[in-house]
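The file structure_38.cif contains mmCIF, C-alpha atoms:
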```cif
data_upload
loop_
_atom_site.label_atom_id
_atom_site.label_comp_id
_atom_site.auth_asym_id
_atom_site.auth_seq_id
_atom_site.Cartn_x
_atom_site.Cartn_y
_atom_site.Cartn_z
CA MET A 1 126.44 96.30 53.33
CA SER A 2 128.67 96.52 56.40
CA ASN A 3 128.07 94.51 59.51
CA PRO A 4 126.38 96.60 62.24
CA VAL A 5 129.15 95.59 64.61
CA ASP A 6 131.69 97.10 62.19
CA ARG A 7 129.82 100.41 61.98
CA ALA A 8 129.51 100.92 65.69
CA LEU A 9 129.27 104.27 67.40
CA PRO A 10 132.67 105.50 68.72
CA PRO A 11 134.09 102.54 70.70
CA GLY A 12 136.35 102.52 73.72
CA PRO A 13 135.61 103.44 77.36
CA ARG A 14 134.97 107.11 76.61
CA GLY A 15 132.63 106.38 73.71
CA ALA A 16 130.81 103.73 75.73
CA LEU A 17 130.32 106.13 78.64
CA ILE A 18 129.04 108.91 76.37
CA GLN A 19 126.55 106.65 74.60
CA THR A 20 125.38 105.08 77.86
CA LEU A 21 124.74 108.49 79.41
CA ARG A 22 122.92 109.79 76.32
CA TYR A 23 120.72 106.71 76.24
CA PHE A 24 120.17 106.72 79.99
CA ARG A 25 119.01 110.35 79.91
CA ASP A 26 116.52 110.01 77.04
CA PRO A 27 116.04 106.48 75.66
CA TYR A 28 113.14 107.46 73.37
CA GLY A 29 115.02 110.36 71.81
CA TYR A 30 118.21 108.35 71.59
CA TYR A 31 116.60 105.54 69.60
CA GLU A 32 114.87 108.01 67.29
CA LYS A 33 118.24 109.57 66.43
CA MET A 34 119.88 106.19 65.92
CA SER A 35 117.02 105.10 63.64
CA VAL A 36 117.55 108.12 61.40
CA ARG A 37 121.31 107.60 61.37
CA TYR A 38 121.61 103.81 61.06
CA GLY A 39 118.21 102.38 60.15
CA LYS A 40 116.64 99.39 61.82
CA LEU A 41 119.80 97.85 63.32
CA PHE A 42 122.78 99.53 64.96
CA THR A 43 125.60 98.80 67.37
CA MET A 44 125.88 100.59 70.68
CA PRO A 45 128.96 100.35 72.91
CA THR A 46 127.98 100.55 76.59
CA MET A 47 129.67 100.36 79.96
CA ASN A 48 128.42 96.77 80.28
CA GLY A 49 129.41 95.50 76.83
CA THR A 50 128.44 95.75 73.16
CA LEU A 51 124.79 95.85 72.07
CA VAL A 52 123.31 95.32 68.62
CA VAL A 53 119.91 97.00 68.88
CA ALA A 54 116.93 95.99 66.72
CA LEU A 55 114.49 98.87 66.35
CA THR A 56 111.73 97.00 64.50
CA SER A 57 109.31 94.18 65.25
CA ASP A 58 110.92 92.07 62.51
CA GLY A 59 114.27 92.37 64.26
CA ALA A 60 112.62 91.44 67.54
CA ARG A 61 111.01 88.42 65.84
CA GLN A 62 114.39 87.18 64.64
CA ILE A 63 115.87 87.52 68.11
CA LEU A 64 112.96 85.77 69.82
CA ALA A 65 113.13 82.94 67.28
CA GLY A 66 116.35 81.80 68.94
CA GLY A 67 116.31 78.99 71.47
CA GLU A 68 117.82 78.85 74.91
CA ASP A 69 120.96 77.15 73.62
CA ASP A 70 121.66 80.15 71.36
CA PHE A 71 122.07 82.59 74.24
CA VAL A 72 123.61 82.96 77.67
CA SER A 73 122.27 85.04 80.59
CA GLU A 74 120.81 88.47 79.98
CA PHE A 75 122.89 91.55 79.18
CA GLY A 76 124.27 93.52 82.11
CA PHE A 77 122.25 91.60 84.68
CA ASP A 78 125.43 90.46 86.40
CA VAL A 79 125.73 93.96 87.88
CA ILE A 80 122.49 93.43 89.82
CA GLU A 81 123.66 90.12 91.25
CA PRO A 82 124.37 91.74 94.66
CA MET A 83 120.64 92.51 94.83
CA ILE A 84 118.91 89.53 93.24
CA GLY A 85 121.53 86.82 93.75
CA SER A 86 123.14 84.45 91.26
CA GLY A 87 120.36 81.86 91.42
CA SER A 88 117.62 84.06 89.96
CA LEU A 89 116.09 83.15 86.59
CA LEU A 90 117.27 86.55 85.41
CA LEU A 91 120.89 85.45 85.70
CA THR A 92 120.88 81.75 84.91
CA SER A 93 120.98 80.14 81.48
CA GLY A 94 121.23 76.70 79.88
CA ASP A 95 120.34 73.61 81.91
CA ARG A 96 120.08 75.53 85.21
CA HIS A 97 117.61 78.01 83.72
CA ARG A 98 115.54 75.27 82.10
CA ARG A 99 115.44 73.22 85.30
CA ASP A 100 114.41 76.13 87.56
CA ARG A 101 111.89 77.53 85.09
CA LYS A 102 110.24 74.12 84.77
CA LEU A 103 109.99 73.88 88.55
CA LEU A 104 108.55 77.37 88.98
CA SER A 105 106.18 77.47 85.99
CA PRO A 106 103.28 75.57 87.67
CA THR A 107 103.23 78.24 90.38
CA PHE A 108 102.24 80.82 87.76
CA THR A 109 99.53 79.00 85.83
CA GLY A 110 96.27 80.83 85.21
CA SER A 111 94.26 78.80 87.73
CA ARG A 112 96.77 79.42 90.50
CA MET A 113 96.95 83.12 89.64
CA ARG A 114 93.19 83.35 90.11
CA SER A 115 93.64 82.14 93.69
CA TYR A 116 95.47 85.38 94.45
CA ALA A 117 92.61 87.59 93.23
CA ASP A 118 91.04 88.04 96.66
CA ALA A 119 94.39 89.16 98.11
CA VAL A 120 94.76 91.75 95.33
CA ILE A 121 91.26 93.10 95.96
CA GLU A 122 91.83 93.22 99.72
CA ALA A 123 95.13 95.10 99.25
CA ALA A 124 93.43 97.63 96.98
CA ASP A 125 90.51 98.10 99.36
CA ARG A 126 92.84 98.65 102.33
CA GLU A 127 94.59 101.46 100.48
CA LEU A 128 91.43 103.01 99.03
CA ALA A 129 89.66 103.00 102.41
CA ASP A 130 91.83 105.96 103.48
CA TRP A 131 90.87 108.13 100.50
CA ARG A 132 88.79 111.15 101.55
CA VAL A 133 86.66 113.47 99.41
CA GLY A 134 88.60 116.62 98.53
CA GLU A 135 91.94 115.02 99.40
CA ARG A 136 94.91 115.23 97.04
CA ILE A 137 96.51 111.79 96.51
CA PRO A 138 99.91 111.02 94.92
CA LEU A 139 98.63 108.22 92.69
CA ARG A 140 101.98 106.56 92.07
CA GLU A 141 102.65 106.28 95.80
CA SER A 142 99.19 104.87 96.41
CA MET A 143 99.56 102.29 93.63
CA SER A 144 103.01 101.41 94.96
CA ASN A 145 101.48 100.70 98.37
CA ILE A 146 98.96 98.31 96.80
CA SER A 147 101.55 96.52 94.68
CA MET A 148 103.90 96.13 97.63
CA ASP A 149 101.13 94.78 99.85
CA VAL A 150 100.19 92.23 97.17
CA ILE A 151 103.77 91.00 96.80
CA ILE A 152 104.48 90.74 100.52
CA ARG A 153 101.29 88.76 101.18
CA THR A 154 100.98 86.61 98.03
CA VAL A 155 104.64 86.04 97.16
CA PHE A 156 106.43 86.11 100.55
CA GLY A 157 103.39 84.81 102.43
CA VAL A 158 103.65 87.40 105.23
CA GLN A 159 100.18 88.11 106.68
CA ALA A 160 100.50 89.75 110.12
CA ASP A 161 100.23 93.52 109.76
CA ASP A 162 103.30 94.28 111.90
CA GLN A 163 105.41 91.82 109.90
CA VAL A 164 104.08 93.24 106.62
CA LYS A 165 105.15 96.70 107.82
CA ALA A 166 108.65 95.46 108.77
CA MET A 167 109.06 93.73 105.41
CA ARG A 168 107.83 96.81 103.54
CA THR A 169 110.33 99.06 105.36
CA ALA A 170 113.23 96.70 104.64
CA ILE A 171 112.27 96.46 100.95
CA TYR A 172 112.09 100.23 100.57
CA HIS A 173 115.51 100.74 102.13
CA ALA A 174 117.23 97.90 100.24
CA VAL A 175 115.50 98.05 96.85
CA ILE A 176 113.18 100.98 96.20
CA GLU A 177 115.33 103.81 97.49
CA VAL A 178 118.63 102.64 96.00
CA ASN A 179 120.12 104.86 93.30
CA PRO A 180 119.90 102.92 90.00
CA ALA A 181 123.37 104.16 89.00
CA LEU A 182 124.77 102.28 92.00
CA ILE A 183 123.40 99.03 90.59
CA PHE A 184 124.02 99.50 86.88
CA PHE A 185 127.53 101.02 87.02
CA LYS A 186 129.83 98.43 88.51
CA PHE A 187 132.66 100.89 89.17
CA LEU A 188 130.46 102.55 91.82
CA GLN A 189 130.22 99.31 93.79
CA ARG A 190 132.97 100.18 96.24
CA ALA A 191 132.84 100.72 100.01
CA PRO A 192 136.11 102.30 101.22
CA PHE A 193 136.49 101.77 104.98
CA GLY A 194 132.95 100.39 105.03
CA LEU A 195 131.51 103.80 104.19
CA GLY A 196 129.49 105.33 101.37
CA PRO A 197 126.33 104.43 99.43
CA TRP A 198 127.50 100.95 98.47
CA ALA A 199 128.21 100.02 102.11
CA ARG A 200 124.80 101.37 103.08
CA PHE A 201 123.15 99.31 100.34
CA ARG A 202 124.90 96.13 101.51
CA ARG A 203 123.72 96.70 105.09
CA ASN A 204 120.15 97.33 103.97
CA MET A 205 120.23 94.25 101.74
CA LYS A 206 121.39 92.10 104.64
CA GLU A 207 118.49 93.32 106.78
CA LEU A 208 116.05 92.35 104.03
CA ASP A 209 117.76 88.97 103.55
CA ASP A 210 117.49 88.25 107.27
CA LEU A 211 113.74 88.82 107.10
CA ILE A 212 113.39 86.66 104.00
CA TYR A 213 115.33 83.73 105.45
CA ALA A 214 113.32 84.01 108.67
CA GLN A 215 110.11 83.88 106.65
CA ILE A 216 111.35 80.82 104.76
CA GLN A 217 111.94 79.03 108.06
CA THR A 218 108.59 80.15 109.49
CA THR A 219 106.75 78.92 106.41
CA ARG A 220 108.62 75.61 106.32
CA SER A 221 107.78 74.90 109.97
CA ALA A 222 104.06 75.74 109.59
CA GLU A 223 101.62 72.86 110.11
CA LYS A 224 100.11 73.52 106.71
CA LEU A 225 101.60 75.33 103.74
CA GLY A 226 99.61 78.21 102.31
CA VAL A 227 98.81 79.18 98.73
CA ASP A 228 101.48 81.90 98.54
CA VAL A 229 104.38 81.62 96.10
CA LEU A 230 106.93 80.87 98.85
CA SER A 231 104.85 77.92 100.09
CA ARG A 232 104.62 76.54 96.59
CA MET A 233 108.37 76.86 96.14
CA LEU A 234 108.91 74.91 99.35
CA GLU A 235 106.62 72.07 98.27
CA SER A 236 108.02 71.87 94.72
CA ARG A 237 110.53 69.19 93.79
CA PHE A 238 112.96 68.79 90.92
CA GLU A 239 112.74 65.66 88.76
CA ASP A 240 115.25 63.91 91.02
CA GLY A 241 113.02 64.58 94.04
CA GLU A 242 115.28 67.22 95.56
CA PRO A 243 113.79 70.49 96.91
CA MET A 244 115.06 73.94 96.07
CA ASP A 245 117.61 75.19 98.61
CA ASP A 246 117.01 78.32 100.70
CA ILE A 247 119.50 80.47 98.78
CA ALA A 248 117.80 79.73 95.47
CA ILE A 249 114.37 80.40 97.00
CA ARG A 250 115.63 83.72 98.36
CA ASP A 251 117.02 84.68 94.93
CA HIS A 252 113.75 83.83 93.15
CA LEU A 253 111.70 85.75 95.72
CA VAL A 254 113.81 88.89 95.35
CA ALA A 255 113.67 88.61 91.56
CA LEU A 256 109.87 88.43 91.73
CA LEU A 257 109.91 91.48 93.97
CA ILE A 258 112.13 93.43 91.59
CA ALA A 259 110.19 92.34 88.52
CA GLY A 260 106.74 92.74 90.02
CA HIS A 261 106.56 95.77 92.28
CA GLU A 262 107.83 98.79 90.38
CA THR A 263 106.54 97.52 87.04
CA THR A 264 102.98 96.99 88.29
CA SER A 265 102.67 100.17 90.33
CA THR A 266 104.05 102.26 87.47
CA THR A 267 101.68 100.70 84.93
CA LEU A 268 98.71 101.27 87.24
CA SER A 269 99.68 104.93 87.57
CA TRP A 270 99.99 105.36 83.80
CA ALA A 271 96.69 103.56 83.15
CA LEU A 272 94.69 105.74 85.54
CA TYR A 273 96.48 108.86 84.27
CA GLU A 274 95.52 108.04 80.67
CA LEU A 275 91.92 107.24 81.62
CA LEU A 276 91.56 110.52 83.51
CA ARG A 277 92.80 112.36 80.42
CA LYS A 278 90.24 110.54 78.25
CA PRO A 279 86.82 110.97 79.93
CA ALA A 280 84.94 109.18 77.13
CA ILE A 281 87.08 106.04 77.47
CA LEU A 282 86.89 106.27 81.26
CA GLU A 283 83.10 106.32 81.11
CA GLN A 284 83.02 103.30 78.79
CA VAL A 285 85.27 101.31 81.12
CA ARG A 286 83.21 102.29 84.14
CA LYS A 287 79.98 101.19 82.43
CA GLU A 288 81.61 97.88 81.50
CA ILE A 289 82.48 97.30 85.16
CA GLU A 290 79.13 98.49 86.52
CA ALA A 291 77.29 96.09 84.22
CA LEU A 292 78.72 93.26 86.34
CA GLY A 293 76.75 94.39 89.39
CA PRO A 294 77.71 95.80 92.80
CA ASP A 295 80.03 92.97 93.85
CA PRO A 296 81.46 91.36 90.72
CA ALA A 297 83.48 88.14 90.87
CA PRO A 298 87.20 88.56 90.14
CA ASP A 299 86.99 86.28 87.09
CA SER A 300 84.28 88.42 85.56
CA ILE A 301 86.39 91.54 86.04
CA THR A 302 89.52 90.06 84.49
CA ALA A 303 87.47 88.88 81.48
CA LEU A 304 86.25 92.39 80.58
CA PRO A 305 87.47 93.18 77.03
CA LEU A 306 87.77 96.97 77.24
CA LEU A 307 89.43 96.90 80.65
CA GLY A 308 91.93 94.38 79.30
CA ALA A 309 92.53 96.56 76.25
CA VAL A 310 93.20 99.55 78.52
CA CYS A 311 95.90 97.56 80.30
CA GLN A 312 97.44 96.42 76.99
CA GLU A 313 97.42 99.93 75.54
CA THR A 314 99.02 101.30 78.69
CA LEU A 315 101.79 98.69 78.45
CA ARG A 316 102.26 99.59 74.79
CA MET A 317 102.45 103.35 75.34
CA HIS A 318 104.39 103.17 78.58
CA PRO A 319 106.55 100.02 78.71
CA VAL A 320 108.34 99.93 82.04
CA LEU A 321 111.37 98.14 80.62
CA PRO A 322 112.73 99.65 77.39
CA GLU A 323 114.33 96.51 75.90
CA PHE A 324 114.72 92.77 76.16
CA PHE A 325 118.18 91.22 75.74
CA ARG A 326 119.82 88.06 74.45
CA THR A 327 123.61 87.56 74.66
CA VAL A 328 124.94 85.41 71.82
CA ARG A 329 126.51 82.14 73.00
CA GLU A 330 128.47 81.35 69.83
CA GLU A 331 127.27 83.19 66.72
CA TYR A 332 123.81 84.32 65.65
CA GLU A 333 122.31 85.62 62.43
CA ILE A 334 119.95 88.58 62.21
CA ASP A 335 118.98 90.42 59.01
CA GLY A 336 121.71 88.51 57.18
CA TYR A 337 124.44 89.66 59.59
CA ARG A 338 126.54 87.24 61.64
CA ILE A 339 126.62 88.50 65.21
CA PRO A 340 129.77 87.33 67.05
CA LYS A 341 129.94 85.42 70.29
CA GLY A 342 129.58 87.62 73.37
CA VAL A 343 127.69 90.44 71.65
CA THR A 344 124.22 91.11 73.04
CA LEU A 345 121.12 91.54 70.87
CA ALA A 346 118.51 93.97 72.16
CA GLY A 347 114.90 94.29 71.04
CA ALA A 348 113.99 97.96 71.54
CA ILE A 349 110.50 97.64 73.01
CA ILE A 350 110.00 101.39 73.25
CA ALA A 351 110.78 101.83 69.54
CA ILE A 352 108.65 98.88 68.40
CA HIS A 353 105.65 100.09 70.41
CA ARG A 354 105.82 103.46 68.64
CA ASP A 355 105.98 102.02 65.13
CA ALA A 356 103.18 103.76 63.20
CA SER A 357 102.94 100.87 60.72
CA LEU A 358 101.90 98.62 63.63
CA TYR A 359 100.12 101.20 65.75
CA PRO A 360 98.59 104.10 63.76
CA GLU A 361 98.83 107.34 65.75
CA PRO A 362 101.20 105.66 68.22
CA LEU A 363 101.24 108.60 70.65
CA GLU A 364 97.45 108.43 71.05
CA PHE A 365 95.85 106.34 73.81
CA ARG A 366 93.54 104.07 71.82
CA PRO A 367 92.65 100.86 73.73
CA GLU A 368 90.28 99.72 70.98
CA ARG A 369 93.26 98.72 68.84
CA PHE A 370 93.69 95.69 71.13
CA ILE A 371 90.07 94.71 70.59
CA GLU A 372 90.28 95.11 66.83
CA ARG A 373 93.50 93.10 66.46
CA ARG A 374 95.72 90.58 68.20
CA TYR A 375 99.43 91.43 68.26
CA ALA A 376 102.26 88.92 68.17
CA VAL A 377 104.76 88.88 71.02
CA HIS A 378 107.47 90.53 68.88
CA GLU A 379 105.03 93.38 68.17
CA MET A 380 103.86 93.77 71.77
CA ALA A 381 106.84 92.86 73.89
CA SER A 382 106.20 94.31 77.36
CA PHE A 383 106.66 90.88 78.93
CA GLY A 384 109.57 89.83 76.72
CA GLY A 385 109.18 86.66 74.73
CA GLY A 386 110.51 83.25 73.79
CA HIS A 387 112.11 81.07 76.43
CA ARG A 388 112.41 84.06 78.77
CA TYR A 389 108.81 85.26 78.56
CA CYS A 390 107.86 86.69 81.95
CA LEU A 391 106.53 83.95 84.24
CA GLY A 392 104.46 86.48 86.14
CA ALA A 393 102.70 87.99 83.09
CA SER A 394 99.33 86.43 83.97
CA PHE A 395 99.68 87.55 87.60
CA ALA A 396 100.52 91.10 86.49
CA MET A 397 97.65 91.40 84.00
CA ASN A 398 95.11 90.14 86.54
CA GLU A 399 96.42 92.52 89.19
CA LEU A 400 96.25 95.50 86.81
CA LYS A 401 92.62 94.78 85.88
CA LEU A 402 91.47 94.15 89.43
CA VAL A 403 93.11 97.24 90.92
CA ILE A 404 91.90 99.57 88.16
CA ALA A 405 88.38 98.20 88.59
CA ARG A 406 88.47 98.74 92.38
CA VAL A 407 89.71 102.32 91.96
CA LEU A 408 86.96 103.18 89.46
CA MET A 409 84.33 101.49 91.66
CA CYS A 410 85.60 103.39 94.70
CA ALA A 411 85.79 107.03 93.65
CA ASP A 412 85.60 109.75 91.01
CA LEU A 413 89.00 111.38 90.48
CA GLU A 414 90.46 114.32 88.63
CA LEU A 415 94.07 115.00 87.72
CA GLU A 416 95.76 117.73 89.74
CA LEU A 417 98.71 118.21 87.42
CA GLU A 418 99.78 121.79 86.81
CA LEU A 419 100.97 120.95 83.33
CA ASP A 420 99.76 121.93 79.88
CA ARG A 421 101.51 118.94 78.31
CA ALA A 422 101.61 115.20 78.69
CA LEU A 423 103.72 113.72 81.46
CA ALA A 424 107.24 112.88 80.34
CA THR A 425 108.89 109.52 81.00
CA VAL A 426 111.94 109.42 83.29
CA ARG A 427 114.30 106.83 84.76
CA ARG A 428 113.38 105.43 88.14
CA ASN A 429 115.30 102.56 89.76
CA GLY A 430 116.29 101.16 86.38
CA THR A 431 112.74 101.30 85.00
CA LEU A 432 110.80 103.96 83.07
CA ALA A 433 108.16 105.90 85.01
CA PRO A 434 106.14 109.14 84.93
CA GLU A 435 108.09 112.28 85.78
CA ALA A 436 105.65 113.22 88.56
CA ASP A 437 103.74 111.35 91.25
CA VAL A 438 100.49 111.74 89.24
CA PRO A 439 98.54 113.68 91.88
CA VAL A 440 94.75 113.30 91.78
CA ARG A 441 91.91 114.82 93.79
CA ILE A 442 89.06 112.73 95.18
CA LEU A 443 85.85 114.32 93.87
CA GLN A 444 83.42 111.86 95.42
CA ARG A 445 83.33 108.35 96.80
CA ARG A 446 81.18 105.75 95.12
CA ARG A 447 81.43 103.10 97.84
#
```
Hey, can you dump this file as C-alpha cells for me?
Amino acid sequence: MSNPVDRALPPGPRGALIQTLRYFRDPYGYYEKMSVRYGKLFTMPTMNGTLVVALTSDGARQILAGGEDDFVSEFGFDVIEPMIGSGSLLLTSGDRHRRDRKLLSPTFTGSRMRSYADAVIEAADRELADWRVGERIPLRESMSNISMDVIIRTVFGVQADDQVKAMRTAIYHAVIEVNPALIFFKFLQRAPFGLGPWARFRRNMKELDDLIYAQIQTTRSAEKLGVDVLSRMLESRFEDGEPMDDIAIRDHLVALLIAGHETTSTTLSWALYELLRKPAILEQVRKEIEALGPDPAPDSITALPLLGAVCQETLRMHPVLPEFFRTVREEYEIDGYRIPKGVTLAGAIIAIHRDASLYPEPLEFRPERFIERRYAVHEMASFGGGHRYCLGASFAMNELKLVIARVLMCADLELELELDRALATVRRNGTLAPEADVPVRILQRRR
C-alpha cells in the first residue's frame, strides 16, 4: 500500500490553491468526496503546507496519542500571528507551551469557572431584557452580544458600561469584521503605500491593543485584583517566581477572545435553532429547567443531564472548527505509515462527528445519545484533545448551558426562517456557522 503522502492530490502551487478553495467552499462535501476516493487517510496540499487528513475516529485517536515532543505548533496558525501574537498557546510548542499552559491551567479549573456563572447570567439577562413580544430577533447577533459581554467582563475584567462599549467596538473592527481570507492567505497581507484592507486591519488591531494594554495597567494598579482572567494572569507566577510579561498576557487574552467569542455564540445559535425545530425535545428541556424552581442556582442548571446533552449534540452536529492539527516534529506513524517531518496531521472533526457507526442517523438531532453513552475525546473532538485540549472547555460548556436556560426561562420563540430545508453551514471568520442570522419571533415572555 502506498504512503498517503505519495498519493497526494495534484501538488504544486496551482494544485494547492485549487484544493484549498474547494475545501474552503464546502468542507463537508470535500471530505465526503475524498473519503470515497482515498478512504480513511489522504494527503491534501494547501496554501499553508501539506496535510495528511484522518477521516475516522481511529485516525484521530492515533494522532492524539502523540505527546507534545512529537509535534510543533499548530498548522497554519503562523498566518494569524498578526492578530493573536507569537506568545499565544495556539502558536507555542515544546517547553514554552508546557510552561505557559501550566501557569494558565489553574485559571480554568471547574471551581474557578463556577465563579463566572453570575456574570454569564447577568450578560444574558441584559440582552434578553430588550426582547419584546412580537419582535423579530436575529438570534446569532443576540447570542454574539451575550458572548462578547461575557468575555469583556470575565476575561478582560472591564466592568464600566462605557468601557465595555469601547472594547466591544474595537473588537468588532479588529477581529469580528475582518475578512477571513485576509488572515488565512498570507499573500494578501500587504499594504502598498499604507492602503488597502491589510493596512486597515493593522490600524484596527493597534486600537484594540492600546485598549488591552491600558486595561492591563489599570488592573495591575488596582488596590485589589478581581476574579477575572486578566487579574489571575497578573497574580500568577512561573516556577522561578517571575510574572508573565504584558506582551504575553496580551497574546493570551486575544487568543481567548478569538477562541471563545465566535465559537460560543455560534454554538448557542445552533442549539436554539435545533431546539425550535424539535418541539418535543424543547419541551423536555424546559420541564427539566422548570423543575429547579423560579430562581435556580447556576450549579443546578449546569448539572442538568438533558440540557448538557443538548449542548453536546449541538457541538457534534455543528462543530465550529472543522479539524484539529498536529505538525510532525521529526517523524510520526499513523495506520502503519511513516509521516515525514514537517507534514501536518489533521483530525477531521466534521467527518468523525458524522460517522454513522459512532452516531446512528448522524444528521438527526438526538441529544439522548449523550445520555445513553459516553464518547471518547477522539470520537467527540469539538474541544480538540491531548496536550492541546481546549483550556476553556469547562468555561464554554457552563456558558452554553446557562445562556440556553436563561433564554428558555425568558420567552417562547418561533423560527422565522423562510426556508423549507435545514440551514446550511458556511464559513465565517475562519469558523463554521449557520448561513443565516437565525431570525426568531418572540411569541410571549415568561419573565
Could you list, as a list in words, every residue matched by the PyMOL selection byres ((chain A and resi 55) around 9) in this structure?
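Output of the PyMOL selection byres ((chain A and resi 55) around 9): Tyr31, Ser35, Gly39, Lys40, Leu41, Phe42, Val53, Ala54, Thr56, Ser57, Asp58, Gly59, Ala60, Ala346, Gly347, Ala348, Ile349, Ile350, Ala351 and Ile352 of chain A.
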Residues selected by the PyMOL selection byres ((chain A and resi 277) around 12), written as a ChimeraX atom specification:
/A:270-276,278-283,364-366,413-417,420-423,438,440
Expanded to explicit residues, what is the PyMOL selection byres ((chain A and resi 193-199) around 12) for this file, as a list of chain:residue names?
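Answer for the PyMOL selection byres ((chain A and resi 193-199) around 12): A:Pro82, A:Met83, A:His173, A:Ala174, A:Glu177, A:Val178, A:Asn179, A:Pro180, A:Ala181, A:Leu182, A:Ile183, A:Phe185, A:Lys186, A:Phe187, A:Leu188, A:Gln189, A:Arg190, A:Ala191, A:Pro192, A:Arg200, A:Phe201, A:Arg202, A:Arg203, A:Asn204, A:Met205, A:Lys206.
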What does the structure give for the distance between atom CA of Gly67 of chain A and atom CA of His387 of chain A, in Å to one decimal?
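According to the coordinates, atom CA of Gly67 of chain A and atom CA of His387 of chain A are separated by 6.8 Å.
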Of the candidates A:Val158, A:Val36, A:Leu408, A:Val52, which shows the shortest atom-to-atom distance to Phe75 of chain A, using all atoms listed in the file?
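Nearest to Phe75 of chain A: A:Val52.
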Rounded to one decimal place, report the atom CA of Glu141 of chain A-atom CA of Asp118 of chain A distance in Å.
21.6 Å
Could you produce a table of the residues of segment 239-341 of chain A lying within 12 Å of segment 167-171 of chain A, with the nearest pair of atoms per residue and their separation in Å rounded to one decimal, using all atoms listed in the file, ordered by chain and increasing residue number, as a tab-separated table?
```
residue	atom	partner	partner_atom	distance
A:Leu253	CA	A:Ile171	CA	11.9
A:Val254	CA	A:Ile171	CA	9.5
A:Leu257	CA	A:Ile171	CA	8.9
A:Ile258	CA	A:Ile171	CA	9.8
A:His261	CA	A:Ile171	CA	10.4
A:Glu262	CA	A:Ile171	CA	11.7
```
C-alpha atoms of the current selection, written as a PDB file, keeping the file's coordinate frame:
```pdb
ATOM      1  CA  LEU A 253     111.700  85.750  95.720  1.00  0.00           C
ATOM      2  CA  VAL A 254     113.810  88.890  95.350  1.00  0.00           C
ATOM      3  CA  LEU A 257     109.910  91.480  93.970  1.00  0.00           C
ATOM      4  CA  ILE A 258     112.130  93.430  91.590  1.00  0.00           C
ATOM      5  CA  HIS A 261     106.560  95.770  92.280  1.00  0.00           C
ATOM      6  CA  GLU A 262     107.830  98.790  90.380  1.00  0.00           C
TER       7      GLU A 262
END
```
Measuring atom to atom with only C-alpha atoms, identify which of A:Leu306, A:Ile121, A:Ile152, A:Val285 is nearest to Lys165 of chain A.
A:Ile152
Which residues come within 12 Å of Pro106 of chain A, counting all atoms listed in the file, excluding same-chain residues fewer than 3 positions away, as a ChimeraX atom specification?
/A:100-103,109-113,229,232-233,235-237,391-392
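Comparing the minimum interatomic distances between Met409 of chain A and each of A:Arg132, A:Arg447, A:Arg388, A:His378, counting all atoms listed in the file, we find that A:Arg447 sits nearest.
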Using 4 Å of padding on each side, determine the axis-aligned box around all atoms of segment 302-306 of chain A present in the file and give its centre and edge lengths in Å to one decimal, as lines of an AutoDock Vina configuration file.
```
center_x = 87.9
center_y = 92.9
center_z = 80.8
size_x = 11.3
size_y = 16.1
size_z = 15.5
```
Smallest atom-to-atom distance to Pro45 of chain A: which of A:Leu128, A:Leu345, A:Ile371, A:Leu89, using only C-alpha atoms?
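So, comparing all the options, the nearest one is A:Leu345.
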Segment 210-220 of chain A surroundings by all atoms listed in the file, 8 Å radius, close-in-sequence under 3 positions cut, as a PyMOL selection string
chain A and resi 156-158+167+206-207+225+230-231+234+246+250
Please list, as a list in words, the residues that have an atom at most 12 Å away from (88.7, 106.5, 104.7) in the coordinates of this file, counting all atoms listed in the file.
Asp125, Arg126, Glu127, Leu128, Ala129, Asp130, Trp131, Arg132, Val133, Gly134, Glu135, Cys410, Ala411, Ile442, Gln444, Arg445 and Arg447 of chain A
What separation in Å, quoted to one decimal, exists between atom CA of Ala117 of chain A and atom CA of Pro298 of chain A?
6.3 Å
Can you pull out every residue within 7 Å of Val403 of chain A, counting only C-alpha atoms, but drop anything in the same chain fewer than 4 positions away, and send it as a list in words?
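Residues meeting the cut-off are Ile121, Ala124, Glu399 and Val407 of chain A.
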Please, which residues are within 10 Å of (99.4, 88.4, 101.3) by the file's coordinates, counting all atoms listed in the file, and could they come as a ChimeraX atom specification?
/A:116,118-120,122-123,148-161,164,227-229
Choose the residue, out of A:Ser93, A:Ser357, A:Asn398, A:Ser265, that has the smallest atom-to-atom separation from Arg329 of chain A; count all atoms listed in the file.
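Once distances to Arg329 of chain A are computed over all atoms listed in the file, the minimum belongs to A:Ser93.
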